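This is coords33.txt. It holds compact mmCIF, C-alpha atoms and all ligand atoms.
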```
# COMPACT_ATOMS: atom_id res chain seq x y z
CA MET U 1 -18.81 43.91 -23.86
CA ALA U 2 -21.62 41.62 -25.11
CA GLN U 3 -21.40 38.17 -23.55
CA LYS U 4 -21.35 35.07 -25.78
CA PRO U 5 -24.65 33.16 -25.31
CA PRO U 6 -24.08 29.79 -23.58
CA GLU U 7 -23.86 26.77 -25.87
CA SER U 8 -27.08 24.82 -26.12
CA ALA U 9 -27.17 21.14 -25.16
CA THR U 10 -27.48 20.19 -28.86
CA GLU U 11 -24.42 22.28 -29.76
CA ARG U 12 -22.43 20.64 -26.97
CA VAL U 13 -23.48 17.14 -28.12
CA ASN U 14 -22.59 17.98 -31.76
CA SER U 15 -19.20 19.31 -30.82
CA ALA U 16 -18.47 16.29 -28.56
CA SER U 17 -19.44 13.90 -31.33
CA LYS U 18 -17.20 15.75 -33.82
CA ASP U 19 -14.31 15.41 -31.35
CA GLU U 20 -15.10 11.73 -30.95
CA ASP U 21 -15.11 11.22 -34.74
CA SER U 22 -11.76 12.91 -35.06
CA ARG U 23 -10.33 10.82 -32.17
CA ARG U 24 -11.52 7.60 -33.80
CA ASN U 25 -10.02 8.60 -37.16
CA ILE U 26 -6.67 9.33 -35.52
CA VAL U 27 -6.69 5.96 -33.73
CA LYS U 28 -7.53 4.22 -37.03
CA GLU U 29 -4.68 6.08 -38.77
CA VAL U 30 -2.17 5.11 -36.06
CA MET U 31 -3.33 1.49 -36.12
CA LYS U 32 -2.44 1.37 -39.82
CA MET U 33 1.14 2.44 -39.05
CA ALA U 34 3.87 -0.15 -38.47
CA GLY U 35 3.94 -0.75 -34.71
CA GLY U 36 0.57 0.92 -34.10
CA GLU U 37 -1.60 -2.16 -34.67
CA LYS U 38 -2.22 -2.91 -30.98
CA ILE U 39 -2.52 0.53 -29.35
CA LEU U 40 -6.15 -0.10 -28.41
CA GLU U 41 -5.09 -3.15 -26.43
CA CYS U 42 -2.88 -1.15 -24.04
CA ILE U 43 -4.00 -1.58 -20.41
CA GLN U 44 -1.80 1.26 -19.08
CA CYS U 45 0.13 -1.09 -16.81
CA GLY U 46 3.33 0.98 -17.09
CA SER U 47 5.70 -1.97 -17.64
CA CYS U 48 7.04 -0.30 -20.78
CA SER U 49 7.89 2.99 -19.07
CA GLY U 50 9.22 1.29 -15.92
CA GLY U 51 11.99 -0.49 -17.81
CA CYS U 52 12.77 2.15 -20.42
CA PRO U 53 16.45 3.20 -20.21
CA THR U 54 15.86 6.58 -21.88
CA ARG U 55 12.66 7.54 -20.05
CA PHE U 56 14.60 10.20 -18.07
CA ALA U 57 15.17 12.18 -21.28
CA MET U 58 11.62 11.89 -22.63
CA ASP U 59 8.91 14.48 -22.10
CA HIS U 60 6.20 11.78 -22.00
CA SER U 61 6.65 8.13 -21.04
CA PRO U 62 5.93 5.41 -23.65
CA MET U 63 2.78 4.52 -21.68
CA GLN U 64 1.61 8.15 -21.83
CA ILE U 65 2.30 8.29 -25.57
CA ILE U 66 0.05 5.28 -26.16
CA LYS U 67 -2.68 6.88 -24.01
CA MET U 68 -2.33 10.19 -25.86
CA LEU U 69 -2.68 8.42 -29.21
CA ASN U 70 -5.80 6.65 -27.98
CA LEU U 71 -7.17 10.06 -26.96
CA GLY U 72 -6.48 11.44 -30.43
CA MET U 73 -3.60 13.73 -29.36
CA LYS U 74 -1.55 12.99 -32.46
CA THR U 75 -0.07 16.48 -32.91
CA GLU U 76 1.21 16.52 -29.31
CA VAL U 77 2.73 13.06 -29.81
CA LEU U 78 4.40 14.06 -33.09
CA SER U 79 5.90 17.12 -31.39
CA SER U 80 7.16 15.19 -28.36
CA SER U 81 10.79 14.26 -27.66
CA THR U 82 9.82 10.70 -26.71
CA ILE U 83 9.64 9.38 -30.25
CA TRP U 84 13.20 10.63 -30.84
CA TYR U 85 14.72 9.44 -27.57
CA CYS U 86 13.51 5.86 -27.98
CA SER U 87 16.72 3.90 -28.58
CA THR U 88 14.77 0.90 -29.98
CA CYS U 89 16.30 -1.36 -27.32
CA HIS U 90 13.07 -3.43 -27.30
CA THR U 91 12.92 -3.72 -23.49
CA CYS U 92 9.33 -2.42 -23.48
CA ILE U 93 8.01 -4.84 -26.08
CA THR U 94 9.52 -7.82 -24.29
CA ARG U 95 7.71 -6.71 -21.09
CA CYS U 96 4.42 -5.58 -22.59
CA PRO U 97 1.58 -8.00 -21.73
CA ARG U 98 -0.28 -6.83 -24.85
CA GLU U 99 2.64 -6.91 -27.31
CA VAL U 100 2.41 -3.21 -28.15
CA ASP U 101 5.41 -2.62 -30.44
CA PHE U 102 6.48 0.81 -29.19
CA PRO U 103 9.92 0.98 -30.87
CA THR U 104 8.51 0.29 -34.33
CA LEU U 105 5.69 2.75 -33.68
CA ALA U 106 8.22 5.39 -32.60
CA MET U 107 9.98 4.96 -35.99
CA SER U 108 6.69 5.40 -37.86
CA LEU U 109 5.86 8.48 -35.78
CA ARG U 110 9.28 9.99 -36.55
CA ASN U 111 8.61 9.69 -40.28
CA GLU U 112 5.21 11.28 -39.79
CA ALA U 113 6.65 14.11 -37.65
CA ILE U 114 9.17 14.91 -40.40
CA LYS U 115 6.43 14.89 -43.06
CA GLN U 116 4.26 17.23 -40.99
CA ASN U 117 7.17 19.49 -40.10
CA LEU U 118 6.64 18.93 -36.38
CA VAL U 119 10.24 18.11 -35.54
CA LYS U 120 11.30 20.27 -32.58
CA ASN U 121 14.10 18.88 -30.44
CA THR U 122 17.85 18.61 -31.16
CA SER U 123 17.87 14.83 -31.36
CA ALA U 124 15.10 15.03 -33.97
CA LYS U 125 17.07 17.68 -35.84
CA PHE U 126 20.04 15.32 -35.90
CA HIS U 127 17.97 12.45 -37.39
CA GLU U 128 16.31 14.73 -39.94
CA SER U 129 19.59 16.25 -41.03
CA PHE U 130 21.30 12.82 -41.18
CA PHE U 131 18.47 11.53 -43.41
CA ASN U 132 18.57 14.56 -45.75
CA ILE U 133 22.35 14.38 -46.15
CA VAL U 134 22.27 10.68 -47.01
CA CYS U 135 19.49 11.42 -49.55
CA LYS U 136 21.57 14.22 -51.07
CA TYR U 137 24.99 12.54 -51.31
CA GLY U 138 24.17 8.86 -51.01
CA LYS U 139 26.39 8.72 -47.90
CA MET U 140 27.22 10.72 -44.79
CA TYR U 141 28.98 14.10 -45.05
CA GLU U 142 29.95 14.95 -41.46
CA PRO U 143 30.86 18.67 -41.84
CA GLU U 144 27.36 19.47 -43.16
CA LEU U 145 25.74 17.45 -40.36
CA PHE U 146 27.83 19.33 -37.81
CA ILE U 147 26.88 22.74 -39.26
CA ASN U 148 23.19 21.80 -39.28
CA VAL U 149 22.94 20.53 -35.74
CA MET U 150 25.53 22.49 -33.77
CA ASP U 151 24.40 24.95 -31.13
CA LYS U 152 25.87 28.17 -32.56
CA SER U 153 25.53 30.01 -29.25
CA ASN U 154 27.72 27.52 -27.36
CA MET U 155 31.24 28.83 -28.02
CA SER U 156 33.12 26.32 -25.86
CA GLY U 157 31.18 23.45 -27.50
CA LEU U 158 32.02 24.86 -30.93
CA ARG U 159 35.72 25.09 -30.08
CA ALA U 160 35.80 21.54 -28.71
CA ASN U 161 34.08 20.21 -31.82
CA ALA U 162 36.34 22.23 -34.14
CA ASN U 163 39.41 20.71 -32.42
CA LEU U 164 37.93 17.25 -32.77
CA GLY U 165 37.15 17.96 -36.45
CA ILE U 166 40.77 18.99 -37.11
CA ARG U 167 42.08 15.81 -35.46
CA LEU U 168 39.70 13.67 -37.52
CA LEU U 169 40.69 15.52 -40.71
CA LYS U 170 44.38 14.90 -40.04
CA LYS U 171 43.70 11.21 -39.58
CA GLY U 172 41.70 11.11 -42.81
CA LYS U 173 38.51 10.10 -41.00
CA ILE U 174 36.46 12.97 -42.48
CA ARG U 175 36.66 14.94 -45.72
CA ILE U 176 36.25 18.67 -46.41
CA ARG U 177 34.81 18.08 -49.88
CA ALA U 178 31.27 16.75 -50.15
CA PRO U 179 31.28 13.12 -51.27
CA LYS U 180 30.26 12.16 -54.80
CA THR U 181 28.68 8.83 -55.49
CA GLU U 182 26.79 7.38 -58.40
CA GLN U 183 24.66 5.41 -55.98
CA VAL U 184 22.43 8.39 -54.95
CA PRO U 185 19.28 7.19 -56.82
CA TRP U 186 19.80 3.67 -55.49
CA VAL U 187 20.21 4.89 -51.88
CA ASN U 188 17.18 7.18 -52.30
CA GLY U 189 15.15 4.21 -53.52
CA ILE U 190 16.00 2.28 -50.32
CA LEU U 191 15.21 5.29 -48.12
CA GLU U 192 11.90 5.88 -49.89
CA LYS U 193 10.87 2.26 -49.48
CA THR U 194 11.83 2.14 -45.79
CA SER U 195 10.00 5.47 -45.13
CA GLU U 196 6.87 4.10 -46.80
CA ARG U 197 7.06 0.95 -44.69
CA GLY U 198 7.47 3.00 -41.53
CA SER U 199 4.36 5.06 -42.23
CA GLN U 200 2.14 2.19 -43.37
S1 LIG K 1 3.53 -2.30 -21.23
FE1 LIG K 1 2.09 -2.47 -22.95
S2 LIG K 1 0.08 -2.60 -22.01
FE2 LIG K 1 1.49 -1.85 -20.45
S3 LIG K 1 1.33 0.40 -20.60
FE3 LIG K 1 3.02 -0.21 -21.90
S4 LIG K 1 2.10 -0.46 -23.93
FE4 LIG K 1 0.44 -0.46 -22.46
S1 LIG K 2 12.40 0.45 -27.13
FE1 LIG K 2 12.34 2.65 -26.76
S2 LIG K 2 10.55 3.01 -25.49
FE2 LIG K 2 11.00 0.82 -25.44
S3 LIG K 2 12.25 0.55 -23.59
FE3 LIG K 2 13.67 0.81 -25.31
S4 LIG K 2 14.09 3.02 -25.40
FE4 LIG K 2 12.27 2.74 -24.11
```

Please rewrite the model in this file as structure tokens.
Ligand code: SF4
Ligand code: SF4
Amino acid sequence: MAQKPPESATERVNSASKDEDSRRNIVKEVMKMAGGEKILECIQCGSCSGGCPTRFAMDHSPMQIIKMLNLGMKTEVLSSSTIWYCSTCHTCITRCPREVDFPTLAMSLRNEAIKQNLVKNTSAKFHESFFNIVCKYGKMYEPELFINVMDKSNMSGLRANANLGIRLLKKGKIRIRAPKTEQVPWVNGILEKTSERGSQ
């Protein structure tokens, strides 16, 4: 098999500078998002990750996410569980010496992940489904949310949730029929505005 000729020095420089351009553009994009304004000021001290109560569930720590964004790894960040497991408790921002607003940035990145169809984990599926249902009906419709997010291969989980559903139905806490409200366009207007703000 014919071997590929080695890249010349000029080709290597051109490709490195293309990568650098793309990294800079990604950093600029993130800095325009709500919460992303100060990512370049991060000194990787780790105070954010050290105090984060949901770090154990995240695939990358908040500190790593900021580093990845500064390296231009936006797709990896948008596919990560971290942005969905942030509970917006604000512990990190109160500790951050550079005032990096991670919780607000996580919200902006969630919106972006949904737009780019990069939502992968169950928690993200829950948020996406919740959002779509509220857009559709103007309020929550629990049975549809349950059907969308349940793990259909987990029979014991399904049974437990079905029993819970029956108890809630009997107490009038949930409805079988989808809700009807005239406020759908109004609710959609609010959701649209808040999504725009999150991605600015
Ligand atoms: S606490 Fe702030 S400066 Fe330190 S790693 Fe986290 S984001 Fe960066
Ligand atoms: S706001 Fe999010 S990232 Fe920051 S400490 Fe709380 S859960 Fe962790």

Which chain U residues have any atom within 12 Å of an atom of ligand LIG 2 (chain K), and for each, what is the nearest pair of atoms with distance in Å to one decimal, counting all atoms listed in the file, rows sorted by chain and number, as CSV?
```
residue,atom,partner,partner_atom,distance
U:Gly35,CA,K:LIG2,S1,11.4
U:Gly46,CA,K:LIG2,S3,11.0
U:Ser47,CA,K:LIG2,S3,9.2
U:Cys48,CA,K:LIG2,S3,6.0
U:Ser49,CA,K:LIG2,FE4,6.7
U:Gly50,CA,K:LIG2,S3,8.3
U:Gly51,CA,K:LIG2,S3,5.9
U:Cys52,CA,K:LIG2,S3,3.6
U:Pro53,CA,K:LIG2,S4,5.7
U:Thr54,CA,K:LIG2,S4,5.3
U:Arg55,CA,K:LIG2,FE4,6.3
U:Phe56,CA,K:LIG2,FE4,9.9
U:Ala57,CA,K:LIG2,S4,10.1
U:Met58,CA,K:LIG2,FE4,9.3
U:His60,CA,K:LIG2,S2,10.4
U:Ser61,CA,K:LIG2,S2,7.8
U:Pro62,CA,K:LIG2,S2,5.5
U:Met63,CA,K:LIG2,S2,8.8
U:Gln64,CA,K:LIG2,S2,10.9
U:Ile65,CA,K:LIG2,S2,9.8
U:Ile66,CA,K:LIG2,S2,10.8
U:Ser81,CA,K:LIG2,S2,11.5
U:Thr82,CA,K:LIG2,S2,7.8
U:Ile83,CA,K:LIG2,S2,8.0
U:Trp84,CA,K:LIG2,FE1,9.0
U:Tyr85,CA,K:LIG2,S4,6.8
U:Cys86,CA,K:LIG2,FE1,3.6
U:Ser87,CA,K:LIG2,S4,4.2
U:Thr88,CA,K:LIG2,S1,3.7
U:Cys89,CA,K:LIG2,FE3,4.0
U:His90,CA,K:LIG2,S1,3.9
U:Thr91,CA,K:LIG2,S3,4.3
U:Cys92,CA,K:LIG2,FE2,4.1
U:Ile93,CA,K:LIG2,FE2,6.4
U:Thr94,CA,K:LIG2,S3,8.8
U:Arg95,CA,K:LIG2,S3,8.9
U:Cys96,CA,K:LIG2,FE2,9.6
U:Glu99,CA,K:LIG2,FE2,11.5
U:Val100,CA,K:LIG2,FE2,9.9
U:Asp101,CA,K:LIG2,FE2,8.3
U:Phe102,CA,K:LIG2,FE2,5.9
U:Pro103,CA,K:LIG2,S1,4.5
U:Thr104,CA,K:LIG2,S1,8.2
U:Leu105,CA,K:LIG2,S2,9.5
U:Ala106,CA,K:LIG2,FE1,7.7
U:Met107,CA,K:LIG2,FE1,9.8
```

Limited to C-alpha atoms, could you put the picked residues into a file as a JSON list (two decimals), keeping the file's coordinate frame?
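Once written, part_32.json looks like this:
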```json
[["chain", "number", "residue", "atom", "x", "y", "z"],
["U", 35, "GLY", "CA", 3.94, -0.75, -34.71],
["U", 46, "GLY", "CA", 3.33, 0.98, -17.09],
["U", 47, "SER", "CA", 5.70, -1.97, -17.64],
["U", 48, "CYS", "CA", 7.04, -0.30, -20.78],
["U", 49, "SER", "CA", 7.89, 2.99, -19.07],
["U", 50, "GLY", "CA", 9.22, 1.29, -15.92],
["U", 51, "GLY", "CA", 11.99, -0.49, -17.81],
["U", 52, "CYS", "CA", 12.77, 2.15, -20.42],
["U", 53, "PRO", "CA", 16.45, 3.20, -20.21],
["U", 54, "THR", "CA", 15.86, 6.58, -21.88],
["U", 55, "ARG", "CA", 12.66, 7.54, -20.05],
["U", 56, "PHE", "CA", 14.60, 10.20, -18.07],
["U", 57, "ALA", "CA", 15.17, 12.18, -21.28],
["U", 58, "MET", "CA", 11.62, 11.89, -22.63],
["U", 60, "HIS", "CA", 6.20, 11.78, -22.00],
["U", 61, "SER", "CA", 6.65, 8.13, -21.04],
["U", 62, "PRO", "CA", 5.93, 5.41, -23.65],
["U", 63, "MET", "CA", 2.78, 4.52, -21.68],
["U", 64, "GLN", "CA", 1.61, 8.15, -21.83],
["U", 65, "ILE", "CA", 2.30, 8.29, -25.57],
["U", 66, "ILE", "CA", 0.05, 5.28, -26.16],
["U", 81, "SER", "CA", 10.79, 14.26, -27.66],
["U", 82, "THR", "CA", 9.82, 10.70, -26.71],
["U", 83, "ILE", "CA", 9.64, 9.38, -30.25],
["U", 84, "TRP", "CA", 13.20, 10.63, -30.84],
["U", 85, "TYR", "CA", 14.72, 9.44, -27.57],
["U", 86, "CYS", "CA", 13.51, 5.86, -27.98],
["U", 87, "SER", "CA", 16.72, 3.90, -28.58],
["U", 88, "THR", "CA", 14.77, 0.90, -29.98],
["U", 89, "CYS", "CA", 16.30, -1.36, -27.32],
["U", 90, "HIS", "CA", 13.07, -3.43, -27.30],
["U", 91, "THR", "CA", 12.92, -3.72, -23.49],
["U", 92, "CYS", "CA", 9.33, -2.42, -23.48],
["U", 93, "ILE", "CA", 8.01, -4.84, -26.08],
["U", 94, "THR", "CA", 9.52, -7.82, -24.29],
["U", 95, "ARG", "CA", 7.71, -6.71, -21.09],
["U", 96, "CYS", "CA", 4.42, -5.58, -22.59],
["U", 99, "GLU", "CA", 2.64, -6.91, -27.31],
["U", 100, "VAL", "CA", 2.41, -3.21, -28.15],
["U", 101, "ASP", "CA", 5.41, -2.62, -30.44],
["U", 102, "PHE", "CA", 6.48, 0.81, -29.19],
["U", 103, "PRO", "CA", 9.92, 0.98, -30.87],
["U", 104, "THR", "CA", 8.51, 0.29, -34.33],
["U", 105, "LEU", "CA", 5.69, 2.75, -33.68],
["U", 106, "ALA", "CA", 8.22, 5.39, -32.60],
["U", 107, "MET", "CA", 9.98, 4.96, -35.99]]
```

Record the distance separating CA of Lys139 in chain U and CA of Glu182 in chain U, expressed in Å with one decimal.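 Rounded to one decimal, the two atoms are 10.6 Å apart.
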
Between CA of Glu112 in chain U and CA of Leu191 in chain U - distance in Å to one decimal: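 Separation between CA of Leu191 in chain U and CA of Glu112 in chain U: 14.3 Å.
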
Please list as a list in words every residue within 7 Å of range 118-131 of chain U, counting all atoms listed in the file and excluding residues in the same chain fewer than 6 positions away.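 Once the adjacent positions are removed, what remains is Leu78, Ser79, Ser81, Trp84, Leu145, Asn148 and Val149 of chain U.
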
May I have the residues from that selection written out with C-alpha atoms, as a PDB file, in the frame of the given file?
```
ATOM      1  CA  LEU U  78       4.400  14.060 -33.090  1.00  0.00           C
ATOM      2  CA  SER U  79       5.900  17.120 -31.390  1.00  0.00           C
ATOM      3  CA  SER U  81      10.790  14.260 -27.660  1.00  0.00           C
ATOM      4  CA  TRP U  84      13.200  10.630 -30.840  1.00  0.00           C
ATOM      5  CA  LEU U 145      25.740  17.450 -40.360  1.00  0.00           C
ATOM      6  CA  ASN U 148      23.190  21.800 -39.280  1.00  0.00           C
ATOM      7  CA  VAL U 149      22.940  20.530 -35.740  1.00  0.00           C
TER       8      VAL U 149
END
```

Please provide the set of residues having any atom within 12 Å of Arg175 in chain U, restricted to all atoms listed in the file, with same-chain residues fewer than 5 positions apart removed, written as a PyMOL selection string. chain U and resi 140-144+165-170+180

Two-atom distance - CA of Ser17 in chain U, CA of Lys67 in chain U (Å): 19.6 Å
